[in-house]
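Note sheet for the following structure.
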Amino acid sequence: MANQSAAFVQKAGELQNAFKEVQKLFQPDFINRWTKEVEQYKEFAENPVFQVAVVGAIKAGKSTLLNAMLGEELTSTEVTPETASLTIFKYSPENYVKVKFLSRLEWDELWASATKKADSIFAKEFQNVNGERYVNEWAGHKEIEEKFSSIEKLKTTIKRYSSSKSGEHYFVKELEIGLSQFPDFLPREIVLVDTPGLDDVVPYRSEITTHYISRANAVIVCVNAKFLANEQYVTLTKVFEQVGKGKKILVLGTQADTFQNPKRDWEKQKLEWEKYLEDLYKDPALMRKNLIGVSSYIFSLIKKLEAGKDIPDTDITNIAQFAKGNEINIPSLVSKEDILKAAEDGNVDMDRLLARTQKKIIKEKAADLLACTNIPAFFNALNDGPLQDSTVELQNDLTYKYQSIENEVKNQALDVKASIEEQVTILSGTVEEKESAIRQKGEEFKNLSKYATEVEDSFTEMRKKVNAAIEDVKSKLDSELKKVVGV
Ligand SMILES: Nc1nc2c(ncn2[C@@H]2O[C@H](COP(=O)(O)OP(=O)(O)OP(=O)(O)O)[C@@H](O)[C@H]2O)c(=O)[nH]1
Ligand SMILES: [Mg+2]
């Protein structure tokens with residue numbers, strides 16, 4: 001991959017040099033546009049990435065899923081709308097956070113979009129954090145980049161710029177997070193992207209996600225496993241329209257642990273969803289493979305226990321309940337020995353004792369329980385599906401993007417060349433030929449009464465385009481023109 005990308009970086013560099021040459025000869029307006037486009041392409045070719053977007057309605061559990069994938073609580077999860085900007089996670093030898101802010105103009109657009117409705121929640125929340133006093137400092141703020149050796153400090157900074165409780169977060173356009181500990185199961189070229197809810201009350205934010213989807217190489221759509229209503233179906237339809245290939249889309253029924261009986265209820269629900277998704281996937285086998293009910297929250301809790309970290313007793317109860325629904329027995333009994341031991345220590349707290357006992361059993365049965373969360377199945381489906389040919393896809397992306405730039409540049413260059421050649425032919429032709437060219441121009445403008453002026457205009461236009469290199473020919477023509485058209 002590195003060699004191929006270096007070759008494309010070189011090609012992009014060659015294009016840029018060619019632009020500089022053309023720029024010296026003429027100043028066509030498209031050159032600036034192309035220079036910018038090739039610059040962006042070069043950045044991509046220098047560091048090609050395969051983008052995996054996590055999208056869905058607000059509160060679907062997107063951030064919780066990303067935390068499960070990343071093995072750390074990096075993104076803010078809350079019961080109230082939380083993710084307001086694109087948050088990009090990628091591998092990096094050093095941990096870092098890069099924050100891009102909205103320009104003043106973009107902030108004004110967001111504000112207008114957020115306060116369109118008279119009783120805007122956004123405006124109220126903004127007032128609650130005294131947002132007005134942040135505007136001057138943060139709208140249009142220059143990009144910030146900080147490096148971190150400690151993951152805890154990195155988390156604090158992420159929270160500062162992404163949590164809806166902070167004033168700054170309103171002005172953040174994009175957060176990029178570099179992680180030295182990137183999940184083993186993901187290729188290094190992958191970037192994971194957390195997105196604002198597709199149904200965010202602020203249209204400006206939901207549009208960020210809609211636009212982003214078409215750029216992503218793979219999309220994970222999170223839909224609360226309990227609710228597949230018309231709204232979610234519309235969302236899914238939009239995602240399929242934007243992405244095109246069903247192979248690149250995984251649909252996750254999230255928070256599946258909240259079913260009374262997670263396994264059985266999800267199986268039933270899945271059959272129901274399949275009726276809707278069949279039309280979108282157009283391939284029943286692929287649909288069944290890419291539609292998975294997951295319990296990210298439970299997965300992360302068990303992983304924490306496995307890593308020797310503690311979790312609240314209420315979460316132990318949640319896991320025990322989840323286990324029961326999956327026919328894994330975590331008894332609600334405390335052994336006699338434990339009670340006697342606690343009595344010796346003079347502290348018999350039955351709830352605590354039960355949690356401790358259950359925690360031990362959960363750890364013993366961790367592998368089975370993790371499998372029931374379906375997160376491992378989701379990782380497999382991601383690797384076998386959308387990520388399977390990520391390197392080939394990236395290579396195709398590099399080639400395709402380069403070719404489309406090259407083609408457009410070529411076409412535009414050919415247009416300019418043809419127009420210059422035409423002018424040079426006329427300029428160096430005989431008087432008769434010039435007369436005939438003028439006559440031809442005259443034909444083109446025959447419906448216009450001021451034809452003579454138009455002919456002159458068109459020659460003025462030509463004169464502008466023809467550069468100093470043919471200056472001498474032009475001056476000869478000027479005098480000859482005078483003879484022909486008398487100006
Ligand atoms: N029980 C359970 N709760 C979950 C699960 N996933 C998410 N939640 C809870 O659902 C709420 C929303 O989760 P988030 O991950 O913040 O959802 P989100 O889609 O990122 O939300 P926004 O960024 O605000 O749009 C939080 O209170 C989570 O703890 C899950 O698998 N099981
Ligand atoms: Mg979120």
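Ligands are numbered from 1 in the order shown, residues from 1 within each chain, and chains are lettered A, B, ... in the order they appear in the structure tokens.
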Environment of ligand 2 within 8 Å, counting only C-alpha atoms and all ligand atoms, reported as a ChimeraX atom specification: /A:58-59,61-64,75-78,81-84,194-197
Using the selection just defined, write its residues with N, CA and C atoms as an mmCIF file, in the first residue's frame.
data_model
loop_
_atom_site.group_PDB
_atom_site.id
_atom_site.type_symbol
_atom_site.label_atom_id
_atom_site.label_comp_id
_atom_site.auth_asym_id
_atom_site.auth_seq_id
_atom_site.Cartn_x
_atom_site.Cartn_y
_atom_site.Cartn_z
ATOM 1 N N ILE A 58 -30.591 9.757 17.242
ATOM 2 C CA ILE A 58 -29.988 10.145 18.523
ATOM 3 C C ILE A 58 -30.360 9.085 19.563
ATOM 4 N N LYS A 59 -29.399 8.860 20.462
ATOM 5 C CA LYS A 59 -29.593 7.915 21.573
ATOM 6 C C LYS A 59 -29.667 6.450 21.149
ATOM 7 N N GLY A 61 -27.263 4.595 20.578
ATOM 8 C CA GLY A 61 -26.163 3.853 21.212
ATOM 9 C C GLY A 61 -24.930 3.808 20.324
ATOM 10 N N LYS A 62 -24.748 4.845 19.493
ATOM 11 C CA LYS A 62 -23.605 4.891 18.575
ATOM 12 C C LYS A 62 -22.290 5.020 19.345
ATOM 13 N N SER A 63 -22.275 5.979 20.272
ATOM 14 C CA SER A 63 -21.031 6.219 21.012
ATOM 15 C C SER A 63 -20.689 5.023 21.895
ATOM 16 N N THR A 64 -21.688 4.399 22.481
ATOM 17 C CA THR A 64 -21.433 3.228 23.334
ATOM 18 C C THR A 64 -20.845 2.089 22.493
ATOM 19 N N THR A 75 -15.639 8.098 23.937
ATOM 20 C CA THR A 75 -16.643 9.063 23.478
ATOM 21 C C THR A 75 -17.685 9.261 24.566
ATOM 22 N N SER A 76 -18.234 10.467 24.636
ATOM 23 C CA SER A 76 -19.231 10.767 25.659
ATOM 24 C C SER A 76 -20.525 10.041 25.342
ATOM 25 N N THR A 77 -21.071 9.387 26.334
ATOM 26 C CA THR A 77 -22.391 8.770 26.164
ATOM 27 C C THR A 77 -23.282 9.342 27.258
ATOM 28 N N GLU A 78 -24.472 9.665 26.924
ATOM 29 C CA GLU A 78 -25.382 10.296 27.884
ATOM 30 C C GLU A 78 -26.808 9.911 27.540
ATOM 31 N N PRO A 81 -29.105 14.179 24.223
ATOM 32 C CA PRO A 81 -28.289 14.259 23.004
ATOM 33 C C PRO A 81 -26.878 14.736 23.310
ATOM 34 N N GLU A 82 -25.893 14.017 22.790
ATOM 35 C CA GLU A 82 -24.530 14.256 23.232
ATOM 36 C C GLU A 82 -23.559 14.541 22.088
ATOM 37 N N THR A 83 -23.545 13.671 21.085
ATOM 38 C CA THR A 83 -22.545 13.844 20.036
ATOM 39 C C THR A 83 -22.997 14.908 19.042
ATOM 40 N N ALA A 84 -22.240 16.008 18.970
ATOM 41 C CA ALA A 84 -22.684 17.140 18.152
ATOM 42 C C ALA A 84 -21.801 17.369 16.929
ATOM 43 N N ASP A 194 -17.563 8.694 14.743
ATOM 44 C CA ASP A 194 -18.806 8.854 15.507
ATOM 45 C C ASP A 194 -19.514 10.083 14.926
ATOM 46 N N THR A 195 -20.828 9.986 14.769
ATOM 47 C CA THR A 195 -21.538 11.073 14.072
ATOM 48 C C THR A 195 -22.724 11.594 14.902
ATOM 49 N N PRO A 196 -23.125 12.845 14.648
ATOM 50 C CA PRO A 196 -24.353 13.331 15.304
ATOM 51 C C PRO A 196 -25.556 12.544 14.799
ATOM 52 N N GLY A 197 -26.611 12.456 15.621
ATOM 53 C CA GLY A 197 -27.807 11.691 15.239
ATOM 54 C C GLY A 197 -28.401 12.190 13.926
#
Residue set, stretch 7-228 of chain A restricted to strand (DSSP E), as a VMD selection string: chain A and resid 50 to 56 86 to 91 95 to 101 144 to 148 172 to 179 190 to 194 218 to 224
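You can rank A:Lys324, A:Ala68, A:Phe44, A:Cys222 by their closest distance to A:Leu198 using only C-alpha atoms, and at the top of that list sits A:Cys222.
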Do you know which residues are at most 12 Å from A:Glu241 counting only C-alpha atoms, after dropping those on the same chain fewer than 2 positions away, and could you put them as an mmCIF file with C-alpha atoms, in the first residue's frame?
data_model
loop_
_atom_site.group_PDB
_atom_site.id
_atom_site.type_symbol
_atom_site.label_atom_id
_atom_site.label_comp_id
_atom_site.auth_asym_id
_atom_site.auth_seq_id
_atom_site.Cartn_x
_atom_site.Cartn_y
_atom_site.Cartn_z
ATOM 1 C CA THR A 210 -25.951 12.847 5.871
ATOM 2 C CA ILE A 213 -22.271 9.039 4.758
ATOM 3 C CA SER A 214 -21.572 9.397 1.057
ATOM 4 C CA VAL A 234 -36.610 6.145 6.227
ATOM 5 C CA THR A 235 -33.151 6.581 7.747
ATOM 6 C CA LEU A 236 -32.096 3.156 6.515
ATOM 7 C CA THR A 237 -33.420 3.863 3.049
ATOM 8 C CA LYS A 238 -31.393 7.084 2.944
ATOM 9 C CA VAL A 239 -28.232 5.276 4.007
ATOM 10 C CA VAL A 243 -23.817 4.214 0.071
ATOM 11 C CA GLY A 244 -25.118 2.160 -2.823
ATOM 12 C CA LYS A 245 -23.752 -1.252 -1.933
ATOM 13 C CA GLY A 246 -25.460 -3.347 0.755
ATOM 14 C CA LYS A 248 -20.782 -1.982 2.864
ATOM 15 C CA ILE A 249 -23.642 -1.580 5.322
ATOM 16 C CA ASP A 279 -35.780 -4.636 -0.479
ATOM 17 C CA LEU A 280 -32.770 -2.617 0.572
ATOM 18 C CA TYR A 281 -30.189 -5.404 0.676
#
Every residue of stretch 145-280 of chain A that DSSP places in alpha helix (DSSP H), as a PyMOL selection string: chain A and resi 151-162+203-215+230-243+262-280
Residue neighbourhood A:Thr254, 9 Å, only C-alpha atoms, exclusion window fewer than 4 positions, as a list of chain:residue names: A:Ala60, A:Gly61, A:Lys62, A:Leu65, A:Cys222, A:Val223, A:Asn224, A:Ala225, A:Lys226, A:Ile292, A:Gly293, A:Val294, A:Ser295, A:Ser296
For the selection just defined, write its residues with N, CA and C atoms to a file, as a PDB file, in the first residue's frame.
ATOM      1  N   ALA A  60     -29.326   6.162  19.901  1.00  0.00           N
ATOM      2  CA  ALA A  60     -29.404   4.767  19.440  1.00  0.00           C
ATOM      3  C   ALA A  60     -28.321   3.921  20.112  1.00  0.00           C
ATOM      4  N   GLY A  61     -27.263   4.595  20.578  1.00  0.00           N
ATOM      5  CA  GLY A  61     -26.163   3.853  21.212  1.00  0.00           C
ATOM      6  C   GLY A  61     -24.930   3.808  20.324  1.00  0.00           C
ATOM      7  N   LYS A  62     -24.748   4.845  19.493  1.00  0.00           N
ATOM      8  CA  LYS A  62     -23.605   4.891  18.575  1.00  0.00           C
ATOM      9  C   LYS A  62     -22.290   5.020  19.345  1.00  0.00           C
ATOM     10  N   LEU A  65     -21.335   1.935  21.272  1.00  0.00           N
ATOM     11  CA  LEU A  65     -20.803   0.905  20.377  1.00  0.00           C
ATOM     12  C   LEU A  65     -19.339   1.204  20.041  1.00  0.00           C
ATOM     13  N   CYS A 222     -26.925   2.168  13.468  1.00  0.00           N
ATOM     14  CA  CYS A 222     -27.440   1.722  14.765  1.00  0.00           C
ATOM     15  C   CYS A 222     -28.922   2.070  14.877  1.00  0.00           C
ATOM     16  N   VAL A 223     -29.723   1.060  15.150  1.00  0.00           N
ATOM     17  CA  VAL A 223     -31.153   1.293  15.368  1.00  0.00           C
ATOM     18  C   VAL A 223     -31.512   0.567  16.666  1.00  0.00           C
ATOM     19  N   ASN A 224     -32.159   1.256  17.584  1.00  0.00           N
ATOM     20  CA  ASN A 224     -32.536   0.598  18.835  1.00  0.00           C
ATOM     21  C   ASN A 224     -33.314  -0.687  18.521  1.00  0.00           C
ATOM     22  N   ALA A 225     -32.810  -1.813  19.047  1.00  0.00           N
ATOM     23  CA  ALA A 225     -33.376  -3.121  18.692  1.00  0.00           C
ATOM     24  C   ALA A 225     -34.876  -3.210  18.941  1.00  0.00           C
ATOM     25  N   LYS A 226     -35.351  -2.402  19.891  1.00  0.00           N
ATOM     26  CA  LYS A 226     -36.774  -2.489  20.241  1.00  0.00           C
ATOM     27  C   LYS A 226     -37.666  -1.710  19.285  1.00  0.00           C
ATOM     28  N   ILE A 292     -27.508  -7.549  12.812  1.00  0.00           N
ATOM     29  CA  ILE A 292     -27.094  -8.188  14.074  1.00  0.00           C
ATOM     30  C   ILE A 292     -27.643  -7.409  15.273  1.00  0.00           C
ATOM     31  N   GLY A 293     -28.151  -8.148  16.248  1.00  0.00           N
ATOM     32  CA  GLY A 293     -28.612  -7.510  17.492  1.00  0.00           C
ATOM     33  C   GLY A 293     -27.462  -7.497  18.488  1.00  0.00           C
ATOM     34  N   VAL A 294     -27.087  -6.336  19.003  1.00  0.00           N
ATOM     35  CA  VAL A 294     -25.908  -6.256  19.880  1.00  0.00           C
ATOM     36  C   VAL A 294     -26.207  -5.590  21.226  1.00  0.00           C
ATOM     37  N   SER A 295     -25.374  -5.928  22.204  1.00  0.00           N
ATOM     38  CA  SER A 295     -25.472  -5.305  23.534  1.00  0.00           C
ATOM     39  C   SER A 295     -24.099  -4.739  23.887  1.00  0.00           C
ATOM     40  N   SER A 296     -23.790  -3.564  23.343  1.00  0.00           N
ATOM     41  CA  SER A 296     -22.449  -2.978  23.507  1.00  0.00           C
ATOM     42  C   SER A 296     -22.136  -2.659  24.956  1.00  0.00           C
TER      43      SER A 296
END
Å distance separating atom CA of A:Val55 from atom 10 (O, counted along the ligand's line) of ligand 1, one decimal place: 14.2 Å
Interatomic distance, atom CA of A:Pro331 to atom 9 (C, counted along the ligand's line) of ligand 1 (Å, one decimal):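 Straight-line distance from atom CA of A:Pro331 to atom 9 (C, counted along the ligand's line) of ligand 1 works out to 25.7 Å.
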Residues near stretch 377-379 of chain A, cut-off 10 Å, only C-alpha atoms, skip fewer than 4 positions along chain, as a PyMOL selection string: chain A and resi 69+185-186+250-252+289-294+370-373+383-385
Atom CA of A:Leu394 to atom CA of A:Glu145, distance in Å rounded to a single decimal: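 Spanning atom CA of A:Leu394 to atom CA of A:Glu145 is a straight-line distance of 26.8 Å.
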